[in-house]
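Enquirer: Encoded as structure tokens, here's the structure I'll be asking about.
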Amino acid sequence: MHIRNLRIIRYGAIADLELDFGAGPGLHVIHGPNEAGKSTTLSAMTDFLFGIPNQSDAGALFGNDQIRLEAGLMLANGATLDLRRRKGRTRTLASLDGQPVSDDVLAPALGGMTRERFSALFGLNDETLRSEGAALLRANGDIGRLIVEAGGGLRALMTRLAEIDERRTALFAPRRAAERAFYKASDAFRAAQDSLKEASLTHEAYTRHCQQRDEARQHRADCDREQADLRRLHARLEQLVKALPQLHALTRLEAERATLADLAALPTGMGGDIIAALDAAAAAQASYATARAQAQRLQQQTAVPPEQARLAAQGARVAHVIALGQMVRRDRAARPERDAKRQQINLSLASLRQWLNKGPDADLRQFMPARVVLEEIRQMADAQMQWRNAATTLEHKVAQTDLALARNAARLDTLRAQGHDRPVDADASAFATLPAEIKRLELRRDSLATLHERLDARLDALGVASAAALQALPCPDAQAVREAAEGQQRLRIHHERITQALATERERLAGLRPALARLEHAGNTITPEMLHAARAQRDGAWHAIRDAYLSADTTTPAATRQHNATMLESAITQTDSLSRQLLAQADRLARIETLRHDIARCTDTIACHERTGAETARQIARHWQEFITPFAAIMAHAATPVALGTFLQQRGDVLAEAEQVATERAALEHEHIRLAVQRDGLAHLARTLGVDPALPPAACVEGVTRALRLHASAHEEYDRLRREHDDLLPQRAQLGQQAAALEAERQQWAARWAPPCRPLA
């Protein structure tokens with residue numbers, strides 16, 4: 001079988017590679033630097049012939065489903081096969097047009113060849129050459145054993161084989177045992193393989209994560225832009241909210257002005273009065289809300305508890321009991337008075353009996369006039385008593401009413417003279433916060449000045465004259481800077497890995513060279529001639545003993561035979577010793593060659609890493625220079641991605657601070673106008689109340705508040721006295737009418753009093 005061509009598609013690190021070996025037989029040499037793909041090509045050729053193993057990591061970069069191996073084969077009978085191999089579990093072989101083909105089509109070409117035999121005979125590489133050479137030196141296999149037996153003594157071979165069997169048994173046996181090193185290493189290898197499989201990132205997962213990362217970055221950029229727009233909108237809305245009451249007031253005033261267009265012009269300062277009225281209305285609304293809250297709290301506090309409600313339900317019975325108790329107390333209290341009245345009546349009767357010259361116990365009823373006369377006299381006397389009491393009470397009321405009228409008139413004249421008869425439509429609570437607001441405005445001005453100074457300092461630090469100039473600087477967006485920084489970071493990580501690998505290789509080289517020097521200066525030089533002479537001496541001693549034994553020589557003395565046996569033993573021992581030394585020397589030479597090969601490969605790896613590191617450093621500088629060249633104005637601030645990121649962050653902070661300063665300045669101007677209107681209203685009210693308007697704001701507000709409180713109290717007194725005076729005038733007229741009626745009743749009583757008294761003589 002002859003391989004005409006081989007094409008490797010997305011296998012290992014090879015994206016697409018095609019090799020043409022021609023139609024005729026011959027030797028083809030594939031050469032290249034380290035990591036060029038020679039071992040990958042050999043592995044791809046083996047996988048094409050025998051199938052791609054399930055555990056192969058050839059698809060780690062491009063994905064297992066992307067692997068394709070195509071080859072053209074020429075069989076011994078001249079027939080050709082053009083086949084394609086993919087990775088899978090079944091039917092992985094197909095023709096170039098995609099029709100599945102059984103693996104049996106390769107059986108005539110491969111014969112009894114297996115993957116292991118193919119790798120041992122045709123798949124040799126640097127690693128397998130070293131391992132097979134070491135196995136040969138360790139006498140593994142039949143060939144190695146024959147070579148050792150031919151080159152040394154039988155005893156040394158058997159001893160060495162016994163040692164090897166012991167070590168082999170300790171390392172491996174067909175029956176699994178937990179204490180054997182092979183199974184320990186196998187378990188550790190499987191665990192490491194499982195861990196590697198869990199930690200490995202496939203091409204599909206890597207692509208998906210990259211896509212998700214790009215989507216997240218785009219979403220973040222969109223959110224940043226939306227957040228910036230919302231911030232600007234929020235600032236504008238805050239300004240509108242602050243100006244909304246004034247806009248409403250202006251709209252209302254404009255409507256009122258439109259209705260009064262033909263009237264005379266409004267007096268000067270009417271706008272301030274309107275604003276003051278609006279502020280007073282706002283303060284009244286706030287006071288009303290506070291009063292409502294307090295009323296709700298008081299209502300909750302004065303709610304009738306259940307116990308008190310039950311007591312109220314029993315109130316009628318309790319009131320009846322209380323009324324009975326009061327009646328008993330009044331009766332007991334009136335008993336002394338009744339006793340005194342009875343004694344007074346008895347004294348009057350005694351005086352009357354004495355005046356009639358009658359005895360103490362005389363019956364006076366016979367001297368009494370008729371009951372009708374007495375009853376009429378008694379009624380006339382009661383009527384006179386009622387009239388006198390009513391006249392006395394009426395005179396007292398008239399005197400009190402005249403006095404009250406005089407006092408009210410005098411106090412009303414005094415209040416009217418002081419000007420308290422007119423109300424002042426103003427509320428001091430509208431100016432209560434004015435001093436604090438003026439102080440706060442001054443503090444905000446100082447804070448704005450500090451912010452402006454700090455903004456100028458930061459602009460100077462960035463090397464620009466104003467925020468507008470900073471805004472006009474051409475700068476890359478944050479997404480581009482992040483991508484450039486990530487690219488730089490990837491290159492730097494790659495450079496650091498190369499640097500670490502270079503340091504590791506140099507450290508390894510530093511350890512290999514002393515080891516090579518020690519091996520070169522260690523051991524004795526044993527030549528094959530020395531071993532040959534020792535073998536000749538051994539053979540000579542053996543032949544002498546064998547000849548004497550075969551010829552049945554009995555004439556040789558025992559001392560001579562003993563000497564010959566001793567010489568044979570000495571020759572065998574010397575031969576075995578030389579054989580072991582020669583084996584050790586061969587092993588030392590093999591290790592020396594291995595070390596020299598490792599040193600050469602380490603030297604080549606160091607040179608490759610140095611070239612790659614230098615190229616990566618140049619690529620880092622070139623990548624950043626290409627990115628920052630279009631933005632020459634900020635070149636001084638963009639030496640590194642970190643410096644550029646810091647500059648862009650500072651630029652964003654400074655622009656945001658400049659916008660904040662501008663917003664605060666506009667708000668301060670608006671607040672200054674509002675406070676100026678309030679101060680004008682306060683000055684007008686102070687002049688009205690007789691307070692000096694030139695006083696400081698706090699003293700002026702305090703004086704106006706005190707004057708308003710006094711004026712409100714005096715005006716309330718004026719209204720109360722006027723209402724009382726108006727109420728007293730009808731009462732005085734009614735009292736006069738009552739006095740005239742009493743006088744008419746007295747005259748009628750005097751005319752009716754004389755007739756009933758005649759029967760009394």
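We label chains A, B, ... in the order they appear in the structure tokens, count residues from 1 in each chain, and number ligands from 1 in the order shown.
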If we count only C-alpha atoms and set the cut-off at 7 Å, which residues sit around region 6-12 of chain A, ignoring sequence neighbours fewer than 6 positions away in its own chain? Please answer as number ranges by chain.

Expert: A: 18-20, 40, 58-62, 66-72

Enquirer: Show me, as a list in words, the residues that have an atom within 9 Å of region 397-399 of chain A when counting only C-alpha atoms, minus same-chain residues fewer than 4 positions from it.

Expert: Thr392, Thr393, Leu403, Ala404, Arg732, Leu735 and Gly736 of chain A

Enquirer: Just write the chosen residues, N, CA and C atoms, as a compact mmCIF listing (two decimals), in the first residue's frame.

Expert:
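Writing the result to part22.txt gives the following:
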# COMPACT_ATOMS: atom_id res chain seq x y z
N THR A 392 -84.92 95.93 91.19
CA THR A 392 -83.52 95.98 91.64
C THR A 392 -82.61 95.29 90.63
N THR A 393 -83.00 94.13 90.18
CA THR A 393 -82.17 93.39 89.19
C THR A 393 -82.04 94.18 87.90
N LEU A 403 -72.05 100.71 81.79
CA LEU A 403 -70.60 100.70 82.05
C LEU A 403 -69.86 99.94 80.95
N ALA A 404 -70.40 98.79 80.55
CA ALA A 404 -69.75 98.02 79.48
C ALA A 404 -69.74 98.79 78.18
N ARG A 732 -79.49 97.10 75.80
CA ARG A 732 -79.80 98.33 76.57
C ARG A 732 -81.21 98.83 76.24
N LEU A 735 -83.62 96.61 78.00
CA LEU A 735 -83.69 96.90 79.44
C LEU A 735 -84.54 98.16 79.71
N GLY A 736 -84.44 99.16 78.82
CA GLY A 736 -85.28 100.36 78.97
C GLY A 736 -86.77 100.03 78.87

Enquirer: Compile the contact shell of Val642 (chain A) as a ChimeraX atom specification: residues with an atom at most 10 Å away, counting only C-alpha atoms, same-chain residues fewer than 6 positions apart removed.

Expert: /A:481-482,485,648

Enquirer: Neighbouring residues of Ile634 (chain A) were defined as those with any atom within 10 Å, considering only C-alpha atoms; residues of the same chain fewer than 2 positions away were excluded. Please report them as number ranges by chain.

Expert: A: 462-463, 473-475, 628-632, 636-639, 644, 647-648

Enquirer: Which residues are near Asp47 (chain A)? Cut-off 10 Å, only C-alpha atoms, ignore same chain within fewer than 3 positions. Put them as a ChimeraX atom specification.

Expert: /A:41-44,50-53,56,69,85-87,115

Enquirer: Please, could you write that set of residues out with N, CA, C and O atoms as a short mmCIF file (atom, residue, chain, number, x, y, z; two decimals), in the first residue's frame?

Expert:
data_model
loop_
_atom_site.label_atom_id
_atom_site.label_comp_id
_atom_site.auth_asym_id
_atom_site.auth_seq_id
_atom_site.Cartn_x
_atom_site.Cartn_y
_atom_site.Cartn_z
N THR A 41 0.72 15.48 12.33
CA THR A 41 0.53 14.83 11.03
C THR A 41 0.64 13.32 11.16
O THR A 41 -0.16 12.56 10.58
N LEU A 42 1.65 12.84 11.92
CA LEU A 42 1.81 11.40 12.13
C LEU A 42 0.59 10.83 12.85
O LEU A 42 0.08 9.76 12.50
N SER A 43 0.08 11.54 13.88
CA SER A 43 -1.11 11.08 14.59
C SER A 43 -2.32 11.08 13.68
O SER A 43 -3.16 10.16 13.75
N ALA A 44 -2.46 12.08 12.79
CA ALA A 44 -3.59 12.12 11.85
C ALA A 44 -3.53 10.95 10.88
O ALA A 44 -4.57 10.35 10.55
N PHE A 50 -6.79 3.77 11.34
CA PHE A 50 -7.36 2.91 12.36
C PHE A 50 -8.54 3.56 13.10
O PHE A 50 -9.08 2.96 14.02
N GLY A 51 -8.94 4.76 12.75
CA GLY A 51 -10.07 5.42 13.42
C GLY A 51 -9.60 6.39 14.52
O GLY A 51 -8.54 6.21 15.12
N ILE A 52 -10.42 7.42 14.73
CA ILE A 52 -10.09 8.44 15.74
C ILE A 52 -10.64 7.98 17.08
O ILE A 52 -11.85 7.74 17.21
N PRO A 53 -9.82 7.82 18.12
CA PRO A 53 -10.31 7.33 19.43
C PRO A 53 -11.32 8.32 20.02
O PRO A 53 -11.29 9.52 19.76
N SER A 56 -9.75 11.07 22.14
CA SER A 56 -8.76 11.93 21.48
C SER A 56 -9.08 13.40 21.74
O SER A 56 -10.24 13.81 21.76
N LEU A 69 -10.35 13.93 7.87
CA LEU A 69 -9.05 13.41 7.38
C LEU A 69 -9.31 12.74 6.03
O LEU A 69 -10.11 11.78 5.96
N ARG A 85 -12.21 10.37 6.65
CA ARG A 85 -12.45 9.87 8.00
C ARG A 85 -12.92 11.04 8.87
O ARG A 85 -12.39 12.14 8.82
N ARG A 86 -14.00 10.80 9.68
CA ARG A 86 -14.46 11.76 10.66
C ARG A 86 -14.44 11.12 12.04
O ARG A 86 -14.26 9.90 12.16
N LYS A 87 -14.66 11.93 13.08
CA LYS A 87 -14.69 11.38 14.42
C LYS A 87 -16.12 11.00 14.77
O LYS A 87 -17.05 11.77 14.60
N ARG A 115 -2.92 -0.88 15.33
CA ARG A 115 -2.48 0.48 15.66
C ARG A 115 -1.16 0.43 16.43
O ARG A 115 -0.25 1.23 16.16
#

Enquirer: Using only C-alpha atoms, which of the listed residues (A:Glu437, A:Asp576, A:Glu716, A:Glu529) sits closest to His672 (chain A)?

Expert: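 Closest to His672 (chain A), using only C-alpha atoms: A:Glu437.
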
Enquirer: Excluding region 247-255 of chain A and residues on its chain fewer than 2 positions from it, collect all residues at most 9 Å away from it, counting only C-alpha atoms, and give them as a VMD selection string.

Expert: chain A and resid 243 to 245 257 to 260 271 274 to 275 278

Enquirer: Choose the residue, out of A:Gly419, A:Pro476, A:Gly703, A:Gly652, that has the smallest atom-to-atom separation from Phe431 (chain A); count only C-alpha atoms.

Expert: A:Gly703

Enquirer: Can you work out which one of A:Ala510, A:Ser429, A:Arg176, A:Lys184 has the shortest atom-to-atom distance to Leu682 (chain A), counting only C-alpha atoms?

Expert: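 Checking each of A:Ala510, A:Ser429, A:Arg176, A:Lys184 against Leu682 (chain A), counting only C-alpha atoms, the winner is A:Ser429.
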
Enquirer: For His452 (chain A), which of A:Leu742, A:Ala291, A:Ala662, A:Ala76 is the closest residue, counting only C-alpha atoms?

Expert: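 Distance minimum relative to His452 (chain A) lands on A:Ala662.
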
Enquirer: Looking only at the backbone, which of the residues in region 630-701 of chain A does DSSP tag as helix (DSSP H, G or I), as a PyMOL selection string?

Expert: chain A and resi 632-637+641-689+697-701

Enquirer: Considering only C-alpha atoms, state which residue in the set A:Thr556, A:Arg535, A:Ala600, A:Gly487 is at the smallest distance from Thr573 (chain A).

Expert: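 So, comparing all the options, the nearest one is A:Arg535.
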
Enquirer: For CA of Leu516 (chain A) and CA of Arg580 (chain A), determine how far apart the two atoms are, in Å to one decimal place.

Expert: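 Taking CA of Leu516 (chain A) as the start and CA of Arg580 (chain A) as the end point, the length is 21.7 Å.
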